[in-house]
$ cat protein-v3.txt   # compact mmCIF, C-alpha atoms
# COMPACT_ATOMS: atom_id res chain seq x y z
CA MET A 1 141.52 99.51 -145.49
CA MET A 2 140.74 102.98 -144.19
CA SER A 3 138.89 105.38 -146.43
CA ILE A 4 140.26 108.72 -147.50
CA HIS A 5 137.58 110.54 -145.39
CA SER A 6 138.59 108.60 -142.31
CA GLN A 7 142.23 109.40 -142.88
CA LYS A 8 141.49 113.13 -143.13
CA PHE A 9 139.45 113.06 -139.92
CA SER A 10 142.23 111.23 -138.12
CA THR A 11 144.83 113.70 -139.35
CA SER A 12 142.72 116.69 -138.32
CA ARG A 13 142.14 115.24 -134.88
CA THR A 14 145.85 114.62 -134.44
CA LEU A 15 146.64 118.24 -135.40
CA TYR A 16 143.96 119.49 -132.99
CA ASN A 17 145.43 117.49 -130.13
CA LEU A 18 148.90 118.76 -130.98
CA LEU A 19 147.75 122.37 -130.93
CA LEU A 20 145.95 121.83 -127.65
CA LEU A 21 149.07 120.35 -126.09
CA MET A 22 151.19 123.28 -127.29
CA SER A 23 148.71 125.74 -125.80
CA LEU A 24 148.82 123.94 -122.46
CA LEU A 25 152.62 123.97 -122.47
CA SER A 26 152.61 127.71 -123.23
CA ILE A 27 150.25 128.40 -120.33
CA ILE A 28 152.37 126.32 -117.95
CA HIS A 29 155.54 128.10 -119.04
CA THR A 30 154.01 131.54 -118.60
CA SER A 31 152.72 130.64 -115.17
CA ALA A 32 156.10 129.31 -114.11
CA LEU A 33 157.83 132.45 -115.37
CA HIS A 34 155.38 134.65 -113.43
CA ASN A 35 155.99 132.68 -110.21
CA THR A 36 159.75 133.03 -110.65
CA LYS A 37 159.45 136.82 -110.94
CA ASN A 38 157.33 136.97 -107.81
CA LYS A 39 159.90 135.01 -105.84
CA GLY A 40 162.64 137.35 -107.06
CA HIS A 41 160.81 140.41 -105.76
CA GLY A 42 160.19 138.81 -102.34
CA ASN A 43 158.19 140.91 -99.88
CA LYS A 44 157.93 143.81 -102.25
CA SER A 45 155.41 142.00 -104.38
CA VAL A 46 153.52 140.91 -101.30
CA ALA A 47 153.51 144.46 -99.98
CA LYS A 48 152.00 145.60 -103.26
CA SER A 49 149.31 143.03 -103.08
CA VAL A 50 148.31 143.91 -99.46
CA PRO A 51 146.29 147.09 -99.10
CA ILE A 52 147.65 149.55 -96.44
CA VAL A 53 145.10 150.59 -93.84
CA ALA A 54 146.02 153.74 -91.85
CA ALA A 55 145.74 153.40 -88.06
CA SER A 56 143.07 155.71 -86.74
CA SER A 57 144.36 158.03 -83.94
CA PRO A 58 141.98 158.89 -81.11
CA ILE A 59 140.51 162.36 -81.43
CA SER A 60 140.84 164.42 -78.23
CA PRO A 61 137.59 166.01 -77.16
CA PRO A 62 137.61 169.82 -77.31
CA LEU A 63 138.52 171.62 -74.08
CA VAL A 64 135.60 173.21 -72.30
CA PHE A 65 136.39 176.22 -70.10
CA ALA A 66 134.30 177.64 -67.29
CA ASP A 67 134.69 181.12 -68.75
CA GLN A 68 136.06 182.58 -71.95
CA ARG A 69 138.53 184.59 -69.83
CA LEU A 70 140.13 181.31 -68.80
CA GLN A 71 140.15 180.12 -72.40
CA LEU A 72 142.02 183.31 -73.31
CA VAL A 73 144.87 182.72 -70.84
CA TYR A 74 145.15 178.95 -71.44
CA PRO A 75 147.60 179.25 -74.40
CA VAL A 76 149.58 181.87 -72.46
CA ILE A 77 150.06 179.42 -69.59
CA GLN A 78 150.94 176.54 -71.89
CA LYS A 79 153.48 178.65 -73.75
CA PHE A 80 155.12 179.66 -70.49
CA LYS A 81 155.08 176.04 -69.35
CA SER A 82 157.08 175.10 -72.46
CA THR A 83 159.82 177.58 -71.45
CA VAL A 84 160.29 176.10 -67.96
CA THR A 85 163.59 174.23 -68.06
CA LEU A 86 163.58 172.91 -64.51
CA ASP A 87 160.68 171.98 -62.24
CA PRO A 88 162.07 170.06 -59.24
CA LEU A 89 158.73 169.93 -57.45
CA GLY A 90 156.72 168.77 -60.48
CA VAL A 91 154.43 171.79 -60.31
CA THR A 92 153.86 172.11 -64.06
CA LYS A 93 152.52 168.54 -64.26
CA THR A 94 149.28 169.91 -62.84
CA TRP A 95 149.00 172.53 -65.59
CA VAL A 96 146.92 170.25 -67.81
CA GLY A 97 143.37 170.51 -69.08
CA SER A 98 140.79 173.25 -69.06
CA ASP A 99 140.35 173.56 -65.28
CA ILE A 100 142.93 176.31 -64.89
CA CYS A 101 141.61 177.17 -61.44
CA SER A 102 142.89 173.79 -60.20
CA TYR A 103 146.42 174.29 -61.55
CA LYS A 104 148.94 174.45 -58.72
CA GLY A 105 149.85 178.09 -58.10
CA PHE A 106 146.83 179.50 -59.98
CA TYR A 107 143.81 181.04 -58.26
CA CYS A 108 140.56 182.25 -59.77
CA ASP A 109 138.06 184.81 -58.58
CA THR A 110 135.34 187.12 -59.77
CA PRO A 111 136.73 190.08 -61.73
CA PRO A 112 135.69 193.55 -60.51
CA TYR A 113 133.84 194.35 -63.73
CA ASN A 114 131.58 191.26 -63.84
CA SER A 115 130.24 189.56 -60.72
CA SER A 116 129.05 186.51 -62.67
CA ALA A 117 132.36 185.82 -64.45
CA VAL A 118 135.37 183.71 -63.46
CA ALA A 119 138.91 184.90 -64.20
CA LEU A 120 142.51 184.10 -63.28
CA ALA A 121 142.99 186.56 -60.42
CA SER A 122 146.26 185.61 -58.72
CA ILE A 123 149.39 183.52 -59.08
CA ASP A 124 151.52 182.25 -56.21
CA PHE A 125 154.73 180.54 -57.34
CA ASN A 126 156.53 181.22 -54.04
CA GLY A 127 159.17 178.58 -53.40
CA PHE A 128 158.45 176.52 -56.52
CA GLN A 129 162.13 176.73 -57.63
CA LEU A 130 161.11 176.95 -61.27
CA VAL A 131 163.75 177.87 -63.85
CA ALA A 132 162.75 179.87 -66.91
CA PRO A 133 164.65 182.36 -69.10
CA THR A 134 162.00 185.07 -68.91
CA LEU A 135 158.61 186.10 -67.57
CA ASP A 136 157.95 188.31 -70.58
CA GLY A 137 154.89 187.21 -72.49
CA PHE A 138 153.46 185.65 -69.34
CA ILE A 139 152.70 188.21 -66.63
CA ASP A 140 151.77 190.88 -69.14
CA GLN A 141 149.34 188.55 -70.97
CA LEU A 142 147.16 187.88 -67.91
CA PRO A 143 144.64 190.74 -68.16
CA ASP A 144 142.77 190.08 -64.91
CA ILE A 145 145.74 189.35 -62.66
CA ALA A 146 145.70 191.17 -59.32
CA LEU A 147 148.48 189.40 -57.39
CA PHE A 148 151.63 187.89 -58.82
CA HIS A 149 153.97 186.30 -56.26
CA ALA A 150 157.01 184.41 -57.52
CA ASN A 151 159.74 184.66 -54.90
CA THR A 152 162.42 181.98 -54.53
CA ASN A 153 162.55 180.76 -58.11
CA ASN A 154 165.19 181.12 -60.80
CA PHE A 155 163.50 183.41 -63.30
CA SER A 156 165.88 185.58 -65.30
CA GLY A 157 165.64 188.32 -67.90
CA THR A 158 164.07 191.72 -67.38
CA ILE A 159 160.59 192.91 -66.43
CA THR A 160 158.58 193.75 -69.52
CA PRO A 161 157.22 197.30 -69.87
CA GLN A 162 153.89 195.75 -70.85
CA ILE A 163 152.97 195.10 -67.22
CA SER A 164 151.93 198.75 -67.01
CA LYS A 165 148.83 197.75 -68.98
CA LEU A 166 147.56 195.41 -66.24
CA PRO A 167 144.65 197.36 -64.73
CA TYR A 168 144.16 195.34 -61.53
CA LEU A 169 147.68 194.38 -60.44
CA TYR A 170 148.26 195.57 -56.88
CA GLU A 171 150.87 193.12 -55.54
CA LEU A 172 154.03 192.19 -57.43
CA ASP A 173 156.63 190.02 -55.70
CA LEU A 174 159.58 188.90 -57.82
CA SER A 175 162.09 188.66 -55.00
CA ASN A 176 164.90 186.12 -54.82
CA ASN A 177 165.29 185.41 -58.52
CA GLN A 178 167.91 186.20 -61.16
CA LEU A 179 166.17 189.17 -62.77
CA SER A 180 168.41 191.95 -64.07
CA GLY A 181 168.47 195.22 -65.95
CA PRO A 182 167.42 198.68 -64.76
CA PHE A 183 164.71 199.40 -62.26
CA PRO A 184 161.39 198.37 -63.89
CA LEU A 185 160.13 201.77 -64.96
CA ALA A 186 156.84 200.20 -66.05
CA VAL A 187 155.63 200.24 -62.43
CA LEU A 188 155.74 204.03 -62.34
CA GLY A 189 152.24 205.39 -62.55
CA MET A 190 150.53 202.06 -61.90
CA GLU A 191 147.83 203.47 -59.66
CA THR A 192 146.64 200.10 -58.40
CA LEU A 193 150.09 198.90 -57.30
CA THR A 194 150.57 199.02 -53.52
CA PHE A 195 153.14 196.25 -52.93
CA LEU A 196 156.43 195.94 -54.86
CA ASP A 197 159.12 193.47 -53.82
CA ILE A 198 162.13 193.04 -56.13
CA ARG A 199 164.81 192.35 -53.50
CA PHE A 200 167.51 189.72 -53.96
CA ASN A 201 167.89 190.16 -57.71
CA LEU A 202 170.46 191.74 -60.00
CA PHE A 203 168.78 195.05 -60.84
CA SER A 204 171.22 197.94 -61.23
CA GLY A 205 171.48 201.62 -62.04
CA ALA A 206 169.33 204.33 -60.52
CA VAL A 207 166.00 204.12 -58.74
CA PRO A 208 163.59 206.72 -60.15
CA PRO A 209 162.67 209.25 -57.44
CA GLN A 210 159.00 209.07 -58.43
CA ILE A 211 158.70 205.61 -56.94
CA PHE A 212 159.15 206.98 -53.42
CA THR A 213 156.14 209.29 -53.71
CA GLN A 214 153.94 206.79 -55.53
CA ASN A 215 150.96 205.35 -53.68
CA LEU A 216 152.91 202.34 -52.41
CA GLN A 217 152.57 200.82 -48.98
CA VAL A 218 155.48 198.38 -49.32
CA LEU A 219 158.70 198.82 -51.30
CA PHE A 220 161.48 196.25 -50.92
CA ILE A 221 164.46 196.89 -53.18
CA ASN A 222 167.28 195.64 -50.98
CA ASN A 223 169.99 193.25 -52.18
CA ASN A 224 170.38 194.54 -55.70
CA ILE A 225 173.07 196.72 -57.29
CA PHE A 226 171.36 200.12 -57.30
CA ASN A 227 173.94 202.89 -57.36
CA GLN A 228 172.94 206.48 -56.57
CA SER A 229 172.50 208.95 -53.74
CA LEU A 230 169.30 208.80 -51.75
CA PRO A 231 166.90 211.22 -53.46
CA ASP A 232 165.70 214.28 -51.57
CA ASN A 233 162.04 213.41 -52.12
CA LEU A 234 162.58 210.26 -50.07
CA GLY A 235 161.60 212.47 -47.16
CA SER A 236 158.13 212.88 -48.70
CA THR A 237 157.35 209.20 -48.97
CA HIS A 238 154.24 207.62 -47.51
CA ILE A 239 155.59 204.08 -47.79
CA LEU A 240 154.96 202.05 -44.66
CA LEU A 241 157.60 199.34 -45.22
CA LEU A 242 160.81 200.32 -47.00
CA THR A 243 164.13 198.47 -47.28
CA LEU A 244 167.12 199.88 -49.14
CA ALA A 245 169.86 197.68 -47.65
CA ASN A 246 172.62 195.85 -49.49
CA ASN A 247 172.91 198.06 -52.53
CA LYS A 248 175.37 200.79 -53.46
CA PHE A 249 173.43 203.85 -52.34
CA ASN A 250 175.80 206.71 -51.57
CA GLY A 251 175.85 210.24 -50.20
CA PRO A 252 174.40 211.46 -46.90
CA ILE A 253 171.18 210.41 -45.22
CA PRO A 254 168.66 213.15 -46.13
CA THR A 255 167.65 215.15 -43.05
CA SER A 256 164.04 214.91 -44.17
CA LEU A 257 164.11 211.13 -44.23
CA PRO A 258 163.55 210.34 -40.54
CA LYS A 259 160.39 212.45 -40.26
CA ALA A 260 158.96 210.76 -43.33
CA LEU A 261 159.76 207.35 -41.91
CA ALA A 262 158.48 208.14 -38.44
CA THR A 263 155.87 205.39 -38.68
CA LEU A 264 158.34 202.69 -39.74
CA THR A 265 159.20 199.96 -37.28
CA GLU A 266 162.33 198.93 -39.21
CA VAL A 267 164.75 201.28 -40.97
CA LEU A 268 167.33 199.25 -42.89
CA LEU A 269 170.11 201.12 -44.71
CA LEU A 270 172.95 198.70 -44.01
CA ASN A 271 175.62 197.60 -46.48
CA ASN A 272 175.58 200.59 -48.77
CA GLN A 273 178.08 203.39 -49.38
CA LEU A 274 176.43 206.17 -47.38
CA THR A 275 178.66 209.02 -46.26
CA GLY A 276 178.44 212.14 -44.12
CA CYS A 277 177.25 212.54 -40.53
CA LEU A 278 174.19 211.12 -38.84
CA PRO A 279 171.45 213.76 -38.75
CA TYR A 280 169.86 214.50 -35.39
CA GLU A 281 166.50 213.93 -37.10
CA ILE A 282 166.88 210.18 -36.61
CA GLY A 283 165.47 210.93 -33.17
CA TYR A 284 162.07 211.23 -34.85
CA LEU A 285 162.00 207.50 -35.63
CA GLN A 286 160.05 206.92 -32.45
CA GLU A 287 158.22 203.82 -33.73
CA ALA A 288 161.40 202.10 -34.85
CA THR A 289 162.35 198.82 -33.24
CA VAL A 290 165.28 198.32 -35.63
CA PHE A 291 167.63 201.00 -36.97
CA ASP A 292 170.48 199.58 -39.01
CA VAL A 293 173.05 201.64 -40.92
CA GLY A 294 175.91 199.20 -40.49
CA ASN A 295 178.72 198.84 -43.02
CA ASN A 296 178.61 202.24 -44.64
CA GLN A 297 181.05 205.17 -44.51
CA LEU A 298 179.22 207.38 -42.04
CA THR A 299 181.30 209.54 -39.74
CA GLY A 300 181.03 211.95 -36.82
CA PRO A 301 179.74 211.40 -33.28
CA LEU A 302 176.51 209.63 -32.36
CA PRO A 303 173.69 212.19 -32.07
CA LEU A 304 172.12 212.36 -28.62
CA SER A 305 168.70 212.27 -30.29
CA LEU A 306 169.08 208.47 -30.45
CA SER A 307 167.89 208.51 -26.88
CA CYS A 308 164.39 209.31 -28.20
CA LEU A 309 164.02 205.87 -29.81
CA GLU A 310 162.19 204.40 -26.84
CA LYS A 311 160.93 201.33 -28.70
CA VAL A 312 164.20 200.42 -30.35
CA GLU A 313 165.56 196.94 -29.75
CA VAL A 314 168.33 196.75 -32.34
CA LEU A 315 170.76 199.56 -33.17
CA ASN A 316 173.56 198.82 -35.61
CA PHE A 317 176.20 201.40 -36.46
CA GLY A 318 179.01 198.88 -36.90
CA GLY A 319 181.49 199.15 -39.76
CA ASN A 320 181.51 202.92 -40.18
CA LEU A 321 183.86 205.82 -39.39
CA LEU A 322 182.10 207.08 -36.26
CA TYR A 323 184.12 208.49 -33.37
CA GLY A 324 183.97 210.29 -30.03
CA MET A 325 182.48 209.12 -26.77
CA VAL A 326 179.61 206.65 -26.64
CA PRO A 327 176.84 208.88 -25.24
CA GLU A 328 175.82 207.88 -21.71
CA VAL A 329 172.41 209.48 -22.16
CA VAL A 330 171.68 207.11 -25.06
CA CYS A 331 172.70 204.04 -23.06
CA ALA A 332 170.65 205.20 -20.07
CA SER A 333 167.43 206.02 -21.91
CA LEU A 334 167.45 202.91 -24.14
CA MET A 335 168.55 200.44 -21.51
CA GLY A 336 165.06 199.03 -20.99
CA ASN A 337 164.41 197.62 -24.48
CA LEU A 338 167.81 197.33 -26.14
CA VAL A 339 168.79 193.81 -27.13
CA ASN A 340 171.63 194.54 -29.53
CA PHE A 341 173.59 197.79 -29.81
CA SER A 342 176.54 197.44 -32.16
CA LEU A 343 179.23 200.11 -32.44
CA SER A 344 181.97 197.67 -33.50
CA ASP A 345 184.52 198.50 -36.16
CA ASN A 346 184.47 202.27 -35.65
CA TYR A 347 186.78 204.75 -33.89
CA PHE A 348 185.06 205.53 -30.56
CA ASN A 349 187.62 206.41 -27.89
CA ALA A 350 185.64 206.58 -24.64
CA VAL A 351 182.78 204.79 -22.93
CA GLY A 352 181.14 205.71 -19.61
CA PRO A 353 179.90 203.58 -16.70
CA ILE A 354 176.27 203.20 -17.83
CA CYS A 355 177.32 202.04 -21.28
CA ARG A 356 179.77 199.65 -19.63
CA VAL A 357 176.79 198.02 -17.93
CA LEU A 358 175.41 197.29 -21.39
CA ILE A 359 178.80 195.88 -22.40
CA GLU A 360 178.74 193.56 -19.41
CA ARG A 361 175.24 192.42 -20.30
CA GLY A 362 176.35 191.57 -23.84
CA VAL A 363 174.06 194.22 -25.32
CA LEU A 364 176.66 196.78 -26.39
CA ASP A 365 179.48 195.74 -28.73
CA VAL A 366 182.42 198.17 -28.93
CA THR A 367 185.09 195.80 -30.23
CA LYS A 368 187.55 197.09 -32.80
CA ASN A 369 187.44 200.72 -31.69
CA CYS A 370 190.02 202.94 -29.98
CA ILE A 371 188.99 202.60 -26.32
CA PRO A 372 192.30 202.21 -24.41
CA ASP A 373 191.22 200.08 -21.44
CA LEU A 374 189.00 197.60 -23.30
CA PRO A 375 190.09 194.42 -25.10
CA PHE A 376 189.86 193.70 -28.81
CA GLN A 377 190.53 197.26 -29.94
CA ARG A 378 192.34 198.71 -32.93
CA SER A 379 196.07 199.23 -32.74
CA ILE A 380 197.44 202.55 -31.48
CA LEU A 381 198.93 203.22 -34.90
CA GLU A 382 195.63 202.62 -36.68
CA CYS A 383 193.79 204.95 -34.31
CA ALA A 384 196.49 207.63 -34.60
CA GLN A 385 196.28 207.55 -38.38
CA PHE A 386 192.52 208.00 -38.27
CA PHE A 387 192.55 210.94 -35.84
CA ALA A 388 195.35 212.63 -37.78
CA GLN A 389 192.73 213.44 -40.43
CA PRO A 390 190.08 215.67 -38.81
CA ARG A 391 186.49 214.84 -39.74
CA MET A 392 184.05 217.57 -38.82
CA CYS A 393 180.29 217.57 -39.20
CA PRO A 394 178.37 220.71 -40.17
CA LEU A 395 176.28 222.25 -37.40
CA MET A 396 177.95 220.14 -34.73
CA TRP A 397 175.76 221.59 -31.99
CA TYR A 398 172.77 219.73 -33.53
CA HIS A 399 174.28 216.48 -32.32
CA SER A 400 173.46 217.56 -28.77
CA PHE A 401 169.84 218.37 -29.57
CA ILE A 402 167.26 215.96 -28.10
CA PRO A 403 163.81 216.42 -29.69
CA CYS A 404 161.83 214.52 -27.04
CA LYS A 405 161.24 214.17 -23.31
CA LEU A 406 163.54 211.51 -21.93
CA HIS A 407 162.48 208.60 -19.76
CA PHE A 408 165.23 206.79 -17.90
CA HIS A 409 165.02 203.17 -16.83
CA ASN A 410 166.06 202.99 -13.13
CA THR A 411 169.32 204.73 -13.90
CA PRO A 412 170.72 207.36 -11.53
CA LEU A 413 170.77 210.67 -13.36
CA SER A 414 173.94 211.66 -11.53
CA SER A 415 175.87 209.15 -13.58
CA ILE A 416 174.82 210.75 -16.86
CA PRO A 417 177.22 213.44 -18.07
$ encode --input "protein-v3.txt" --output "structure tokens"
Amino acid sequence: MMSIHSQKFSTSRTLYNLLLLMSLLSIIHTSALHNTKNKGHGNKSVAKSVPIVAASSPISPPLVFADQRLQLVYPVIQKFKSTVTLDPLGVTKTWVGSDICSYKGFYCDTPPYNSSAVALASIDFNGFQLVAPTLDGFIDQLPDIALFHANTNNFSGTITPQISKLPYLYELDLSNNQLSGPFPLAVLGMETLTFLDIRFNLFSGAVPPQIFTQNLQVLFINNNIFNQSLPDNLGSTHILLLTLANNKFNGPIPTSLPKALATLTEVLLLNNQLTGCLPYEIGYLQEATVFDVGNNQLTGPLPLSLSCLEKVEVLNFGGNLLYGMVPEVVCASLMGNLVNFSLSDNYFNAVGPICRVLIERGVLDVTKNCIPDLPFQRSILECAQFFAQPRMCPLMWYHSFIPCKLHFHNTPLSSIP
């Protein structure tokens, strides 16, 4: 028979084991509950338990420029590059990195103020066919630029006045683009500028007279929409190459113009709205190989002074309101060099035997005139209507004045009236 002490020990042990079992069951239950919650949260719990490590991006080395002047223009170039909307030749792909002097279209040189420095000296975008809405903020932000050539692209907008602050710019060619607005007044007074070409654009309005007496050697402003009379000071110009064609210039040809342009080899005034009579002073254009005033509204007879243009190869008076007899003395004296002499689409009514020789040779074109015995002339009615309205030139006797000694080319003088 078990003692009372043994019974107490047995009871205590039983209670201890029971409590231990209950504790184990509680732990198992809690663990199971925790696992169930984790399964309910899915990847979210896993994501919380996995530390996020940021991917390290490679650090680009700093750009190193050959000169701080190049570093200065680098952001200017990159900003302009971002505005280019079309680059069919892939030119801008080369505009990468710090070696600006190797960019296509960019050229470096020593600036005039520092023989040991390197600067962006010139840009040649000719024929790149780039499209951009403006050149503002580009040309004017290149402080050492001397030449900027960008013909045959599709740049639009206007020319910023800030280009007047460029101290070394002496050649500016923006021809054959879509630039518009008034004549770029900023070029006035730019003492270094000697070459300005803005032809084949959409500039309009008046051309400031000052530009013709500025120290320019070349001025090409043809094929725009300039609308004004030719200024009187045009006769004082020292420009060596000048084209005014294909605009809307009006009024008479200044009598002082030919003397001023006496050194020009080409005088191009075609496709404007010039009026009045041809001045005898065109006989002073003795270096001219081309004289073209076609498609204007000039009237009167041809001045005999044309016979002084001994070097001329192309004469174009077509598409005007000229009349009278085609001067035999002009045909005789110019016969040696003339390749093309157009008097078509006028109102000439007589042509002599020497000039007919030029017609037979295919040199002289007198179609669509009022010459009775030649083919392809205007109708009788059209000619009658024209001559019913007299058109007289002031100082008509000047048209017979010949300001040179004539040299005839194997032509019998007896045939010259």
$ residues_around --input "protein-v3.txt" --residues "A:Phe65" --least-positions-apart "5" --cutoff "10 Å" --atoms "only C-alpha atoms" --output "ChimeraX atom specification"
/A:70-72,74,97-100
$ closest_residue --input "protein-v3.txt" --among "A:Leu219, A:Val91, A:Gln286, A:Val207" --to "A:Lys248" --atoms "all atoms listed in the file"
A:Val207
$ residues_near_point --input "protein-v3.txt" --point "(153.8, 195.2, -52.3)" --cutoff "9 Å" --atoms "only C-alpha atoms" --output "number ranges by chain"
A: 170-173, 193-197, 216-220
$ residues_around --input "protein-v3.txt" --residues "A:Lys311" --least-positions-apart "2" --cutoff "7 Å" --atoms "only C-alpha atoms" --output "PyMOL selection string"
chain A and resi 286-289+309+313+337
$ closest_residue --input "protein-v3.txt" --among "A:Ala132, A:Val64, A:Leu268, A:Val96" --to "A:Val84" --atoms "all atoms listed in the file"
A:Ala132
$ closest_residue --input "protein-v3.txt" --among "A:Ala119, A:Leu364, A:Ile282, A:Cys383" --to "A:Ile402" --atoms "all atoms listed in the file"
A:Ile282
$ residues_around --input "protein-v3.txt" --residues "stretch 103-110 of chain A" --least-positions-apart "3" --cutoff "10 Å" --atoms "only C-alpha atoms" --output "NGL selection string"
:A and (70 or 90-100 or 113-126 or 128 or 144-150)
$ atom_distance --input "protein-v3.txt" --atom1 "atom CA of A:Trp397" --atom2 "atom CA of A:Met335"
24.7 Å
$ residues_around --input "protein-v3.txt" --residues "stretch 139-142 of chain A" --least-positions-apart "3" --cutoff "7 Å" --atoms "all atoms listed in the file" --output "PDB file with C-alpha atoms, in the coordinates of the input"
ATOM      1  CA  VAL A  73     144.870 182.720 -70.840  1.00  0.00           C
ATOM      2  CA  VAL A  76     149.580 181.870 -72.460  1.00  0.00           C
ATOM      3  CA  LEU A 135     158.610 186.100 -67.570  1.00  0.00           C
ATOM      4  CA  ASP A 136     157.950 188.310 -70.580  1.00  0.00           C
ATOM      5  CA  ILE A 145     145.740 189.350 -62.660  1.00  0.00           C
ATOM      6  CA  GLN A 162     153.890 195.750 -70.850  1.00  0.00           C
ATOM      7  CA  ILE A 163     152.970 195.100 -67.220  1.00  0.00           C
ATOM      8  CA  LEU A 166     147.560 195.410 -66.240  1.00  0.00           C
TER       9      LEU A 166
END
$ closest_residue --input "protein-v3.txt" --among "A:Ile354, A:Val314, A:Leu298, A:Leu241" --to "A:Val326" --atoms "all atoms listed in the file"
A:Ile354
$ residues_around --input "protein-v3.txt" --residues "A:Leu322" --least-positions-apart "6" --cutoff "8 Å" --atoms "all atoms listed in the file" --output "mmCIF file with C-alpha atoms, in the coordinates of the input"
data_model
loop_
_atom_site.group_PDB
_atom_site.id
_atom_site.type_symbol
_atom_site.label_atom_id
_atom_site.label_comp_id
_atom_site.auth_asym_id
_atom_site.auth_seq_id
_atom_site.Cartn_x
_atom_site.Cartn_y
_atom_site.Cartn_z
ATOM 1 C CA LEU A 298 179.220 207.380 -42.040
ATOM 2 C CA THR A 299 181.300 209.540 -39.740
ATOM 3 C CA GLY A 300 181.030 211.950 -36.820
ATOM 4 C CA PRO A 301 179.740 211.400 -33.280
ATOM 5 C CA LEU A 302 176.510 209.630 -32.360
ATOM 6 C CA ASN A 346 184.470 202.270 -35.650
ATOM 7 C CA TYR A 347 186.780 204.750 -33.890
ATOM 8 C CA PHE A 348 185.060 205.530 -30.560
#
$ closest_residue --input "protein-v3.txt" --among "A:Leu188, A:Leu89, A:Met325, A:Leu285" --to "A:Cys308" --atoms "only C-alpha atoms"
A:Leu285
$ atom_distance --input "protein-v3.txt" --atom1 "atom CA of A:Phe226" --atom2 "atom CA of A:Asn247"
5.4 Å
$ closest_residue --input "protein-v3.txt" --among "A:Thr152, A:Ser400, A:Thr265, A:Asn227" --to "A:Pro279" --atoms "all atoms listed in the file"
A:Ser400
$ build_atoms --input "protein-v3.txt" --residues "stretch 282-293 of chain A" --atoms "N, CA and C atoms" --output "PDB file, keeping the file's coordinate frame"
ATOM      1  N   ILE A 282     167.207 211.600 -36.819  1.00  0.00           N
ATOM      2  CA  ILE A 282     166.880 210.180 -36.610  1.00  0.00           C
ATOM      3  C   ILE A 282     166.169 209.988 -35.265  1.00  0.00           C
ATOM      4  N   GLY A 283     166.208 210.990 -34.429  1.00  0.00           N
ATOM      5  CA  GLY A 283     165.470 210.930 -33.170  1.00  0.00           C
ATOM      6  C   GLY A 283     163.964 210.929 -33.358  1.00  0.00           C
ATOM      7  N   TYR A 284     163.497 211.246 -34.575  1.00  0.00           N
ATOM      8  CA  TYR A 284     162.070 211.230 -34.850  1.00  0.00           C
ATOM      9  C   TYR A 284     161.540 209.833 -35.202  1.00  0.00           C
ATOM     10  N   LEU A 285     162.413 208.867 -35.294  1.00  0.00           N
ATOM     11  CA  LEU A 285     162.000 207.500 -35.630  1.00  0.00           C
ATOM     12  C   LEU A 285     161.482 206.792 -34.363  1.00  0.00           C
ATOM     13  N   GLN A 286     160.474 207.365 -33.779  1.00  0.00           N
ATOM     14  CA  GLN A 286     160.050 206.920 -32.450  1.00  0.00           C
ATOM     15  C   GLN A 286     159.248 205.626 -32.466  1.00  0.00           C
ATOM     16  N   GLU A 287     158.888 205.119 -33.642  1.00  0.00           N
ATOM     17  CA  GLU A 287     158.220 203.820 -33.730  1.00  0.00           C
ATOM     18  C   GLU A 287     159.202 202.713 -34.087  1.00  0.00           C
ATOM     19  N   ALA A 288     160.431 203.080 -34.356  1.00  0.00           N
ATOM     20  CA  ALA A 288     161.400 202.100 -34.850  1.00  0.00           C
ATOM     21  C   ALA A 288     161.810 201.120 -33.746  1.00  0.00           C
ATOM     22  N   THR A 289     161.776 199.849 -34.105  1.00  0.00           N
ATOM     23  CA  THR A 289     162.350 198.820 -33.240  1.00  0.00           C
ATOM     24  C   THR A 289     163.716 198.379 -33.747  1.00  0.00           C
ATOM     25  N   VAL A 290     163.982 198.638 -35.030  1.00  0.00           N
ATOM     26  CA  VAL A 290     165.280 198.320 -35.630  1.00  0.00           C
ATOM     27  C   VAL A 290     165.751 199.520 -36.422  1.00  0.00           C
ATOM     28  N   PHE A 291     166.980 199.964 -36.160  1.00  0.00           N
ATOM     29  CA  PHE A 291     167.630 201.000 -36.970  1.00  0.00           C
ATOM     30  C   PHE A 291     169.013 200.486 -37.308  1.00  0.00           C
ATOM     31  N   ASP A 292     169.243 200.233 -38.600  1.00  0.00           N
ATOM     32  CA  ASP A 292     170.480 199.580 -39.010  1.00  0.00           C
ATOM     33  C   ASP A 292     171.114 200.339 -40.173  1.00  0.00           C
ATOM     34  N   VAL A 293     172.268 200.970 -39.882  1.00  0.00           N
ATOM     35  CA  VAL A 293     173.050 201.640 -40.920  1.00  0.00           C
ATOM     36  C   VAL A 293     174.468 201.069 -40.944  1.00  0.00           C
TER      37      VAL A 293
END
